[in-house]
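K.L.:
Structure file structure39.tsv, TSV, C-alpha atoms and all ligand atoms, is pasted below:
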```tsv
chain	number	residue	atom	x	y	z
K	220	MET	CA	77.71	84.35	100.19
K	221	GLY	CA	79.18	84.43	96.73
K	222	ASN	CA	76.05	86.21	95.58
K	223	ASN	CA	76.51	88.89	98.17
K	224	ILE	CA	80.00	89.58	96.99
K	225	LYS	CA	78.80	89.61	93.38
K	226	LYS	CA	76.01	91.99	94.33
K	227	TRP	CA	78.51	94.47	95.73
K	228	PHE	CA	80.72	94.26	92.69
K	229	SER	CA	77.74	94.68	90.38
K	230	ILE	CA	76.74	97.80	92.34
K	231	GLY	CA	80.27	99.07	92.15
K	232	SER	CA	80.66	98.53	88.42
K	233	LYS	CA	77.34	99.75	87.10
K	234	ARG	CA	78.64	102.62	85.08
K	235	VAL	CA	81.94	103.72	83.70
K	236	VAL	CA	81.83	107.33	82.68
K	237	ASN	CA	84.64	108.46	80.46
K	238	GLU	CA	84.97	112.12	81.33
K	239	SER	CA	87.79	112.56	78.85
K	240	CYS	CA	85.80	111.25	75.85
K	241	ASP	CA	85.86	113.96	73.21
K	242	SER	CA	83.77	112.24	70.59
K	243	ASP	CA	80.97	114.47	69.32
K	244	LYS	CA	78.96	111.41	68.31
K	245	PRO	CA	76.56	109.67	70.67
K	246	CYS	CA	78.47	107.00	72.56
K	247	SER	CA	77.81	104.74	75.51
K	248	CYS	CA	80.34	106.38	77.76
K	249	LYS	CA	78.33	109.58	77.69
K	250	SER	CA	74.83	108.22	77.51
K	251	GLU	CA	75.29	106.07	80.62
K	252	LYS	CA	76.00	109.03	82.86
K	253	THR	CA	73.33	109.62	85.50
K	254	ASN	CA	72.76	112.58	87.77
K	255	ASP	CA	75.40	112.63	90.45
K	256	GLY	CA	74.58	113.27	94.07
K	257	PHE	CA	75.35	116.94	94.28
K	258	ASP	CA	73.77	117.60	90.90
K	259	GLN	CA	70.64	115.98	92.24
K	260	VAL	CA	70.62	118.42	95.12
K	261	LEU	CA	71.72	121.57	93.41
K	262	ASN	CA	71.92	120.59	89.76
K	263	ALA	CA	74.94	122.83	89.54
K	264	GLN	CA	78.68	122.82	89.94
K	265	THR	CA	79.83	124.83	92.90
K	266	ASP	CA	82.61	126.80	91.32
K	267	ARG	CA	82.34	130.51	91.77
K	268	ARG	CA	81.79	131.32	88.09
K	269	ASN	CA	78.68	129.16	87.92
K	270	ALA	CA	77.48	130.33	91.28
K	271	ILE	CA	77.81	133.98	90.26
K	272	GLN	CA	76.01	133.34	86.98
K	273	LYS	CA	73.17	131.68	88.85
K	274	LEU	CA	73.01	134.33	91.50
K	275	THR	CA	73.03	137.09	88.90
K	276	ALA	CA	70.20	135.41	87.06
K	277	GLY	CA	68.34	135.14	90.34
K	278	LEU	CA	68.77	138.82	91.02
K	279	LEU	CA	67.65	139.76	87.51
K	280	ILE	CA	64.61	137.57	87.81
K	281	GLY	CA	63.88	139.03	91.20
K	282	ALA	CA	64.12	142.55	89.76
K	283	GLY	CA	61.84	141.66	86.87
K	284	ALA	CA	64.67	142.36	84.42
K	285	VAL	CA	64.42	139.09	82.56
K	286	SER	CA	61.62	138.53	80.09
K	287	SER	CA	60.69	134.95	79.39
K	288	SER	CA	58.28	133.02	77.25
K	289	CYS	CA	57.90	130.42	80.01
K	290	SER	CA	54.73	130.14	82.02
K	291	VAL	CA	54.35	132.24	85.15
K	292	SER	CA	54.71	129.15	87.35
K	293	LYS	CA	57.99	128.16	85.67
K	294	SER	CA	59.40	131.59	86.23
K	295	ASP	CA	58.20	131.53	89.84
K	296	GLU	CA	59.99	128.23	90.35
K	297	ALA	CA	63.17	129.57	88.74
K	298	LYS	CA	63.11	132.55	91.06
K	299	GLU	CA	62.43	130.32	94.06
K	300	GLN	CA	65.35	128.11	93.07
K	301	SER	CA	67.63	131.11	92.71
K	302	ASP	CA	66.61	132.36	96.13
K	303	LEU	CA	67.28	128.92	97.63
K	304	ASP	CA	70.68	128.73	95.92
K	305	TRP	CA	71.56	132.19	97.20
K	306	GLU	CA	70.78	131.25	100.80
K	307	GLU	CA	72.48	127.89	100.42
K	308	TYR	CA	75.64	129.44	99.06
K	309	PHE	CA	76.07	131.71	102.06
K	310	LYS	CA	74.92	129.39	104.83
K	311	GLY	CA	77.12	128.96	107.90
K	312	ASN	CA	78.61	126.01	109.76
K	313	TYR	CA	75.79	123.66	110.79
K	314	LYS	CA	77.42	123.22	114.21
K	315	LEU	CA	76.89	126.89	115.00
K	316	MET	CA	73.32	127.17	113.69
K	317	THR	CA	70.31	127.56	115.96
K	318	ASP	CA	67.70	124.81	115.82
K	319	GLU	CA	65.55	127.08	113.68
K	320	GLU	CA	68.40	127.71	111.24
K	321	LYS	CA	69.08	123.97	111.04
K	322	GLN	CA	65.44	123.29	110.22
K	323	ASN	CA	65.41	126.08	107.64
K	324	THR	CA	68.53	124.57	106.06
K	325	VAL	CA	67.06	121.09	105.64
K	326	ASP	CA	63.76	122.57	104.45
K	327	ARG	CA	65.70	124.53	101.82
K	328	LEU	CA	67.57	121.44	100.61
K	329	THR	CA	64.38	119.40	100.56
K	330	ARG	CA	62.54	122.01	98.50
K	331	SER	CA	65.54	122.44	96.23
K	332	TYR	CA	65.64	118.71	95.50
K	333	GLU	CA	61.93	118.78	94.68
K	334	LEU	CA	62.36	121.73	92.31
K	335	ARG	CA	65.27	120.04	90.53
K	336	THR	CA	63.96	116.51	90.25
K	337	GLY	CA	60.22	116.63	90.87
K	338	LYS	CA	60.81	114.08	93.65
K	339	LYS	CA	60.50	114.51	97.39
K	340	ILE	CA	63.08	113.61	100.01
K	341	ASN	CA	62.67	113.45	103.75
K	342	MET	CA	65.66	115.20	105.32
K	343	SER	CA	65.96	115.40	109.09
K	344	ALA	CA	67.76	117.86	111.34
K	345	ALA	CA	67.03	115.74	114.42
K	346	GLY	CA	69.45	116.42	117.25
K	347	PRO	CA	70.77	114.03	119.90
K	348	ILE	CA	68.22	112.31	122.12
K	349	ASP	CA	68.53	113.01	125.85
K	350	ASP	CA	70.25	110.28	127.91
K	351	VAL	CA	71.52	108.44	124.86
K	352	LEU	CA	75.18	107.65	124.14
K	353	TYR	CA	75.67	105.23	121.27
K	354	GLY	CA	78.01	102.27	121.29
K	355	TYR	CA	78.71	99.33	119.02
K	356	ALA	CA	80.00	95.79	119.56
K	357	PHE	CA	81.36	93.30	117.04
K	358	ASN	CA	81.42	89.55	117.64
K	359	ILE	CA	84.54	88.24	115.90
K	360	SER	CA	83.52	84.62	116.34
K	361	LYS	CA	80.23	85.18	114.47
K	362	CYS	CA	81.39	87.17	111.44
K	363	GLN	CA	81.74	84.94	108.37
K	364	GLY	CA	82.95	87.63	105.97
K	365	TYR	CA	79.75	87.79	103.90
K	366	MET	CA	79.93	91.58	103.39
K	367	ASP	CA	76.16	92.04	103.66
K	368	CYS	CA	76.96	94.92	106.02
K	369	ILE	CA	79.00	96.67	103.33
K	370	ASN	CA	76.25	96.35	100.73
K	371	ALA	CA	73.65	97.67	103.17
K	372	CYS	CA	75.88	100.58	104.20
K	373	VAL	CA	76.48	101.64	100.59
K	374	GLU	CA	72.78	101.60	99.77
K	375	GLU	CA	71.62	103.20	103.02
K	376	ASN	CA	74.16	106.00	102.90
K	377	ASN	CA	73.96	106.97	99.24
K	378	GLN	CA	77.61	106.15	98.68
K	379	ASP	CA	79.15	106.47	95.25
K	380	ARG	CA	78.39	103.42	93.12
K	381	GLU	CA	81.38	103.83	90.84
K	382	SER	CA	84.42	104.26	93.08
K	383	GLN	CA	83.48	101.41	95.41
K	384	MET	CA	84.00	103.67	98.39
K	385	GLN	CA	83.05	101.71	101.50
K	386	TYR	CA	82.81	102.96	105.08
K	387	ILE	CA	83.25	99.39	106.41
K	388	ARG	CA	86.25	97.16	105.85
K	389	ILE	CA	86.03	93.43	106.55
K	390	HIS	CA	89.51	92.03	107.12
K	391	GLU	CA	90.20	88.37	106.45
K	392	ILE	CA	93.04	87.20	108.69
K	393	GLU	CA	94.67	83.82	109.09
K	394	LYS	CA	93.91	82.18	112.43
K	395	GLY	CA	96.87	82.15	114.77
K	396	SER	CA	98.44	85.32	113.42
K	397	GLY	CA	96.73	87.66	115.90
K	398	ILE	CA	94.77	90.76	114.93
K	399	GLU	CA	97.35	92.19	112.58
K	400	PHE	CA	95.63	94.10	109.81
K	401	LYS	CA	98.83	94.33	107.82
K	402	ASN	CA	98.69	90.53	107.49
K	403	GLY	CA	95.01	90.57	106.54
K	404	ASP	CA	93.15	91.03	103.27
K	405	ASP	CA	90.18	93.40	102.99
K	406	THR	CA	89.74	92.96	99.24
K	407	TYR	CA	89.20	89.19	99.15
K	408	TYR	CA	87.00	87.82	96.39
K	409	HIS	CA	86.22	84.17	96.97
K	410	GLU	CA	83.78	81.95	98.77
K	411	VAL	CA	83.62	82.64	102.49
K	412	PRO	CA	84.37	81.70	105.14
K	413	ALA	CA	87.80	80.62	103.95
K	414	ALA	CA	89.35	77.70	105.82
K	415	ASN	CA	91.58	78.64	108.74
K	416	HIS	CA	90.68	82.35	108.61
K	417	PHE	CA	88.62	84.71	110.75
K	418	TYR	CA	86.92	88.00	109.89
K	419	ILE	CA	86.91	91.34	111.68
K	420	GLY	CA	85.15	94.54	110.63
K	421	THR	CA	86.37	98.10	111.08
K	422	GLN	CA	84.74	101.47	110.43
K	423	CYS	CA	84.64	104.82	112.23
K	424	PHE	CA	84.71	104.01	115.95
K	425	HIS	CA	83.19	107.31	117.10
K	426	CYS	CA	85.91	107.80	119.68
K	427	ASP	CA	85.12	109.67	122.85
K	428	ASN	CA	88.42	111.48	122.41
K	429	PRO	CA	88.63	111.73	118.62
K	430	PRO	CA	91.97	112.96	117.25
K	431	CYS	CA	90.34	113.66	113.87
K	432	VAL	CA	88.19	116.38	115.43
K	433	GLU	CA	91.18	118.03	117.09
K	434	VAL	CA	93.05	118.58	113.83
K	435	CYS	CA	90.26	119.96	111.66
K	436	PRO	CA	91.27	123.57	110.90
K	437	VAL	CA	87.71	124.76	110.18
K	438	GLN	CA	85.61	122.84	112.73
K	439	ALA	CA	83.87	120.89	110.00
K	440	THR	CA	83.85	117.73	112.13
K	441	TRP	CA	82.84	117.32	115.74
K	442	LYS	CA	81.41	114.94	118.35
K	443	GLU	CA	77.71	115.26	119.09
K	444	LYS	CA	76.18	114.80	122.56
K	445	ASP	CA	75.08	111.27	121.71
K	446	GLY	CA	78.68	110.38	120.84
K	447	ILE	CA	78.32	110.37	117.04
K	448	VAL	CA	81.27	112.03	115.30
K	449	VAL	CA	79.82	113.97	112.38
K	450	ILE	CA	81.00	116.00	109.40
K	451	ASP	CA	79.37	119.08	107.87
K	452	TYR	CA	80.05	118.22	104.22
K	453	ASP	CA	79.43	121.79	103.14
K	454	TRP	CA	81.89	123.23	105.64
K	455	CYS	CA	84.66	120.68	104.98
K	456	ILE	CA	87.48	122.08	102.84
K	457	GLY	CA	88.88	118.67	101.96
K	458	CYS	CA	92.33	119.13	103.54
K	459	ARG	CA	92.31	115.49	104.79
K	460	TYR	CA	94.05	116.32	108.09
K	461	CYS	CA	91.40	114.27	109.89
K	462	MET	CA	92.05	111.28	107.66
K	463	ALA	CA	95.75	111.41	108.57
K	464	ALA	CA	94.95	111.78	112.27
K	465	CYS	CA	92.57	108.81	112.49
K	466	PRO	CA	94.46	105.78	113.86
K	467	TYR	CA	91.75	103.40	112.61
K	468	ASP	CA	91.48	104.23	108.90
K	469	GLY	CA	87.90	105.25	109.58
K	470	ARG	CA	87.59	108.19	107.18
K	471	ARG	CA	87.08	108.20	103.41
K	472	PHE	CA	87.83	111.07	101.06
K	473	ASN	CA	85.62	111.27	97.98
K	474	TRP	CA	87.96	112.02	95.10
K	475	LYS	CA	85.06	112.16	92.67
K	476	THR	CA	81.48	113.33	92.90
K	477	PRO	CA	79.40	110.59	94.46
K	478	GLU	CA	76.94	109.25	91.87
K	479	VAL	CA	73.75	107.46	92.78
K	480	PRO	CA	71.11	106.62	90.16
K	481	GLU	CA	67.95	108.57	91.00
K	482	GLU	CA	65.88	105.43	91.54
K	483	GLU	CA	68.43	104.14	94.08
K	484	VAL	CA	68.70	107.32	96.16
K	485	ASN	CA	67.73	106.68	99.78
K	486	LYS	CA	65.34	109.55	100.35
K	487	ASN	CA	65.26	109.21	104.13
K	488	GLN	CA	68.18	111.43	104.97
K	489	HIS	CA	69.84	113.44	107.72
K	490	TYR	CA	71.83	116.61	107.13
K	491	LEU	CA	74.81	115.12	109.01
K	492	GLY	CA	74.35	111.66	107.54
K	493	ASN	CA	73.45	110.20	104.20
K	494	ARG	CA	72.38	113.31	102.31
K	495	LEU	CA	73.88	113.64	98.86
K	496	ARG	CA	77.41	114.93	99.04
K	497	LYS	CA	79.63	116.95	96.75
K	498	GLN	CA	83.09	115.97	95.51
K	499	GLY	CA	86.22	116.62	97.54
K	500	VAL	CA	84.91	116.23	101.08
K	501	MET	CA	85.38	113.72	103.86
K	502	GLU	CA	82.85	110.96	104.48
K	503	LYS	CA	82.57	108.12	106.96
K	504	CYS	CA	80.28	106.00	109.08
K	505	THR	CA	77.81	108.11	111.08
K	506	PHE	CA	76.27	105.21	113.02
K	507	CYS	CA	73.50	105.74	110.42
K	508	ILE	CA	72.44	108.93	112.18
K	509	GLN	CA	69.32	109.11	110.00
K	510	ARG	CA	68.25	105.77	111.47
K	511	SER	CA	69.72	105.73	114.99
K	512	ARG	CA	68.20	109.08	115.96
K	513	ASN	CA	64.93	107.66	114.74
K	514	GLY	CA	65.15	104.70	117.13
K	515	LYS	CA	66.35	102.20	114.54
K	516	ASN	CA	69.44	100.05	114.30
K	517	PRO	CA	72.11	101.01	111.74
K	518	ALA	CA	71.75	99.36	108.34
K	519	CYS	CA	74.83	97.16	108.86
K	520	VAL	CA	73.40	95.76	112.09
K	521	GLU	CA	70.09	94.99	110.40
K	522	ALA	CA	71.79	93.38	107.41
K	523	CYS	CA	74.21	91.08	109.22
K	524	PRO	CA	72.83	87.53	108.86
K	525	THR	CA	74.92	86.10	111.69
K	526	GLY	CA	74.12	88.65	114.42
K	527	ALA	CA	77.76	89.66	114.70
K	528	ARG	CA	76.86	93.34	115.10
K	529	VAL	CA	75.20	94.91	118.14
K	530	PHE	CA	74.31	98.58	118.57
K	531	GLY	CA	72.64	100.42	121.39
K	532	ASN	CA	72.53	102.98	124.16
K	533	LEU	CA	75.48	102.77	126.53
K	534	LEU	CA	73.51	104.72	129.15
K	535	ASP	CA	70.71	102.14	129.24
K	536	PRO	CA	71.66	99.42	131.77
K	537	ASN	CA	69.20	97.04	130.10
K	538	SER	CA	70.56	97.42	126.57
K	539	ASP	CA	72.25	94.56	124.70
K	540	ILE	CA	75.40	96.63	124.25
K	541	ARG	CA	75.69	97.11	128.02
K	542	TRP	CA	75.13	93.40	128.61
K	543	ILE	CA	77.94	92.53	126.21
K	544	ILE	CA	80.37	95.01	127.75
K	545	GLU	CA	79.56	93.76	131.25
K	546	ASN	CA	79.50	90.01	130.50
K	547	LYS	CA	81.93	89.35	127.65
K	548	LYS	CA	85.67	89.70	127.51
K	549	VAL	CA	85.66	92.82	125.36
K	550	PHE	CA	88.56	94.81	123.98
K	551	ARG	CA	89.10	97.85	121.79
K	552	LEU	CA	91.75	98.54	119.18
K	553	LYS	CA	94.83	100.59	120.11
K	554	GLU	CA	93.52	101.36	123.59
K	555	GLU	CA	96.93	102.71	124.52
K	556	LEU	CA	96.27	105.80	122.38
K	557	GLY	CA	93.59	107.03	124.75
K	558	THR	CA	91.11	107.64	121.94
K	559	GLU	CA	88.36	105.73	123.79
K	560	PRO	CA	86.57	104.19	120.80
K	561	LYS	CA	82.89	103.42	121.38
K	562	PHE	CA	83.33	100.18	119.45
K	563	TRP	CA	84.11	96.95	121.28
K	564	TYR	CA	85.20	93.54	119.99
K	565	TYR	CA	84.47	90.23	121.66
K	566	MET	CA	84.24	86.49	121.04
K	567	ASP	CA	81.77	83.87	122.20
K	601	LIG	S1	89.04	117.01	105.51
K	601	LIG	FE1	87.30	118.26	106.15
K	601	LIG	S2	86.63	117.37	108.13
K	601	LIG	FE2	88.69	116.57	107.69
K	601	LIG	S3	90.13	118.00	108.75
K	601	LIG	FE3	89.91	118.77	106.63
K	601	LIG	S4	88.21	120.25	106.71
K	601	LIG	FE4	88.10	119.03	108.61
K	602	LIG	S1	76.54	102.24	111.17
K	602	LIG	FE1	75.64	102.84	109.17
K	602	LIG	S2	77.17	104.26	108.30
K	602	LIG	FE2	78.20	103.10	109.95
K	602	LIG	S3	79.16	101.32	108.92
K	602	LIG	FE3	77.12	100.64	109.65
K	602	LIG	S4	75.74	101.00	107.88
K	602	LIG	FE4	77.62	102.17	107.47
```
Transcribe the structure of this file into structure tokens.
Ligand code: SF4
Ligand code: SF4
P.N.:
Amino acid sequence: MGNNIKKWFSIGSKRVVNESCDSDKPCSCKSEKTNDGFDQVLNAQTDRRNAIQKLTAGLLIGAGAVSSSCSVSKSDEAKEQSDLDWEEYFKGNYKLMTDEEKQNTVDRLTRSYELRTGKKINMSAAGPIDDVLYGYAFNISKCQGYMDCINACVEENNQDRESQMQYIRIHEIEKGSGIEFKNGDDTYYHEVPAANHFYIGTQCFHCDNPPCVEVCPVQATWKEKDGIVVIDYDWCIGCRYCMAACPYDGRRFNWKTPEVPEEEVNKNQHYLGNRLRKQGVMEKCTFCIQRSRNGKNPACVEACPTGARVFGNLLDPNSDIRWIIENKKVFRLKEELGTEPKFWYYMD
């Protein structure tokens, strides 16, 4: 238990990069910096000046106007990269793409990653599976506050290792005080379970009637047919309206560029899930879309050592999630709001 907590903190404190360091001598604050997530995808900042420089170079290369001492294959790769960047820069909202355009988009990002890093990723554009509607249940009496789910979520979803951004919160609450999050502690750092306390996890609840989706001014977030509420990171403008609208504190804004050491990058990705993100966009739980649409349980469900987490297809009458909803005394948070979360709590 203690080790799990330490593991998370060691992940979260691996590197401290001092961006304001102005020393021109080699120093640890600079040398420890690793490629951040977006750099690993595009190896470039996305401001217009850089983009225009890159695009201009691409055009010049394409027109044969740039002479180079590099090998032919290097120059071919540079041109290919420029072409990919050009298409990437002007791509549309994923929600409005045809299936072919979606596949072309993930193929482009996959190839781009390979050109930049020499490594391959497996990025999926898999859509919802017919007759599947995902739901999640959380057994309050089983959770012991170990935080294995948080560690697994961070690693699975390529979350920033420095800011300690977490999609899951585990709230430690004193028994007898009801489920009042304002009386709880989600930053506890001690041996668990603590005497006379219980633990309850929260994350995005993938509401059937999600207020976050309603307020997005650019349609960068929406509910898919299988019930997963997704975000197109490249269409999000970072206004944070959705964060304000969520009654469950389910959304996370990345104030800094997510950084994941190359060797820790989860290379099994989905465009709407754990692909490497840029700074200044909204993130959150996606029910591990890269896993669930592949027939697997989310990472947090797999990692929980007590079996407190259950995930499955609400449309399958034989699924565990259906059995729990039909046989346990389940409840959802803030039901009076009419948000219809697809996340139920229960006790043994
Ligand atoms: S932060 Fe992004 S997803 Fe959220 S409302 Fe604004 S544009 Fe939409
Ligand atoms: S379902 Fe996946 S993304 Fe959501 S909280 Fe669990 S591990 Fe994180």
K.L.:
What do you get as a PyMOL selection string if you pick all residues at most 12 Å from ligand LIG 601 (chain K), counting all atoms listed in the file?
P.N.:
chain K and resi 312+429-442+448-465+469-474+498-503
K.L.:
Tell me, in Å to one decimal, how far CA of Trp542 in chain K is from CA of Gln363 in chain K.
P.N.:
22.9 Å
K.L.:
Dump the neighbourhood of ligand LIG 602 (chain K) as a list of chain:residue names: all residues within 8 Å, distances computed on all atoms listed in the file.
P.N.:
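The neighbouring residues of ligand LIG 602 (chain K) are, in order, K:Cys368, K:Ile369, K:Ala371, K:Cys372, K:Val373, K:Glu375, K:Asn376, K:Tyr386, K:Ile387, K:Gln422, K:Cys423, K:Gly492, K:Lys503, K:Cys504, K:Thr505, K:Phe506, K:Cys507, K:Ile508, K:Pro517, K:Ala518, K:Cys519, K:Val520.
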K.L.:
Just C-alpha atoms for this one: save the residues we selected as a PDB file, keeping the file's coordinate frame.
P.N.:
```pdb
ATOM      1  CA  CYS K 368      76.960  94.920 106.020  1.00  0.00           C
ATOM      2  CA  ILE K 369      79.000  96.670 103.330  1.00  0.00           C
ATOM      3  CA  ALA K 371      73.650  97.670 103.170  1.00  0.00           C
ATOM      4  CA  CYS K 372      75.880 100.580 104.200  1.00  0.00           C
ATOM      5  CA  VAL K 373      76.480 101.640 100.590  1.00  0.00           C
ATOM      6  CA  GLU K 375      71.620 103.200 103.020  1.00  0.00           C
ATOM      7  CA  ASN K 376      74.160 106.000 102.900  1.00  0.00           C
ATOM      8  CA  TYR K 386      82.810 102.960 105.080  1.00  0.00           C
ATOM      9  CA  ILE K 387      83.250  99.390 106.410  1.00  0.00           C
ATOM     10  CA  GLN K 422      84.740 101.470 110.430  1.00  0.00           C
ATOM     11  CA  CYS K 423      84.640 104.820 112.230  1.00  0.00           C
ATOM     12  CA  GLY K 492      74.350 111.660 107.540  1.00  0.00           C
ATOM     13  CA  LYS K 503      82.570 108.120 106.960  1.00  0.00           C
ATOM     14  CA  CYS K 504      80.280 106.000 109.080  1.00  0.00           C
ATOM     15  CA  THR K 505      77.810 108.110 111.080  1.00  0.00           C
ATOM     16  CA  PHE K 506      76.270 105.210 113.020  1.00  0.00           C
ATOM     17  CA  CYS K 507      73.500 105.740 110.420  1.00  0.00           C
ATOM     18  CA  ILE K 508      72.440 108.930 112.180  1.00  0.00           C
ATOM     19  CA  PRO K 517      72.110 101.010 111.740  1.00  0.00           C
ATOM     20  CA  ALA K 518      71.750  99.360 108.340  1.00  0.00           C
ATOM     21  CA  CYS K 519      74.830  97.160 108.860  1.00  0.00           C
ATOM     22  CA  VAL K 520      73.400  95.760 112.090  1.00  0.00           C
TER      23      VAL K 520
END
```
K.L.:
Quick one: distance from CA of His416 in chain K to CA of Trp563 in chain K in Å, one decimal?
P.N.:
20.4 Å
K.L.:
Excluding Glu306 in chain K and any residue of its chain fewer than 5 positions from it, enumerate the residues within 10 Å of it, using only C-alpha atoms, and give them as a list in words.
P.N.:
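So, after excluding close chain neighbours, the residues are Gln300, Ser301, Gly311, Thr324 and Arg327 of chain K.
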K.L.:
For a quick check of understanding, using all atoms listed in the file, which of K:Phe562, K:Ala297, K:Asp302, K:Glu482 has the smallest distance to Gly420 in chain K?
P.N.:
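Comparing K:Phe562, K:Ala297, K:Asp302, K:Glu482 against Gly420 in chain K, the winner is K:Phe562.
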K.L.:
Grab the CA of Lys486 in chain K to CA of Lys339 in chain K distance for me, in Å with one decimal place.
P.N.:
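If I compute the distance from CA of Lys486 in chain K to CA of Lys339 in chain K, I get 7.5 Å.
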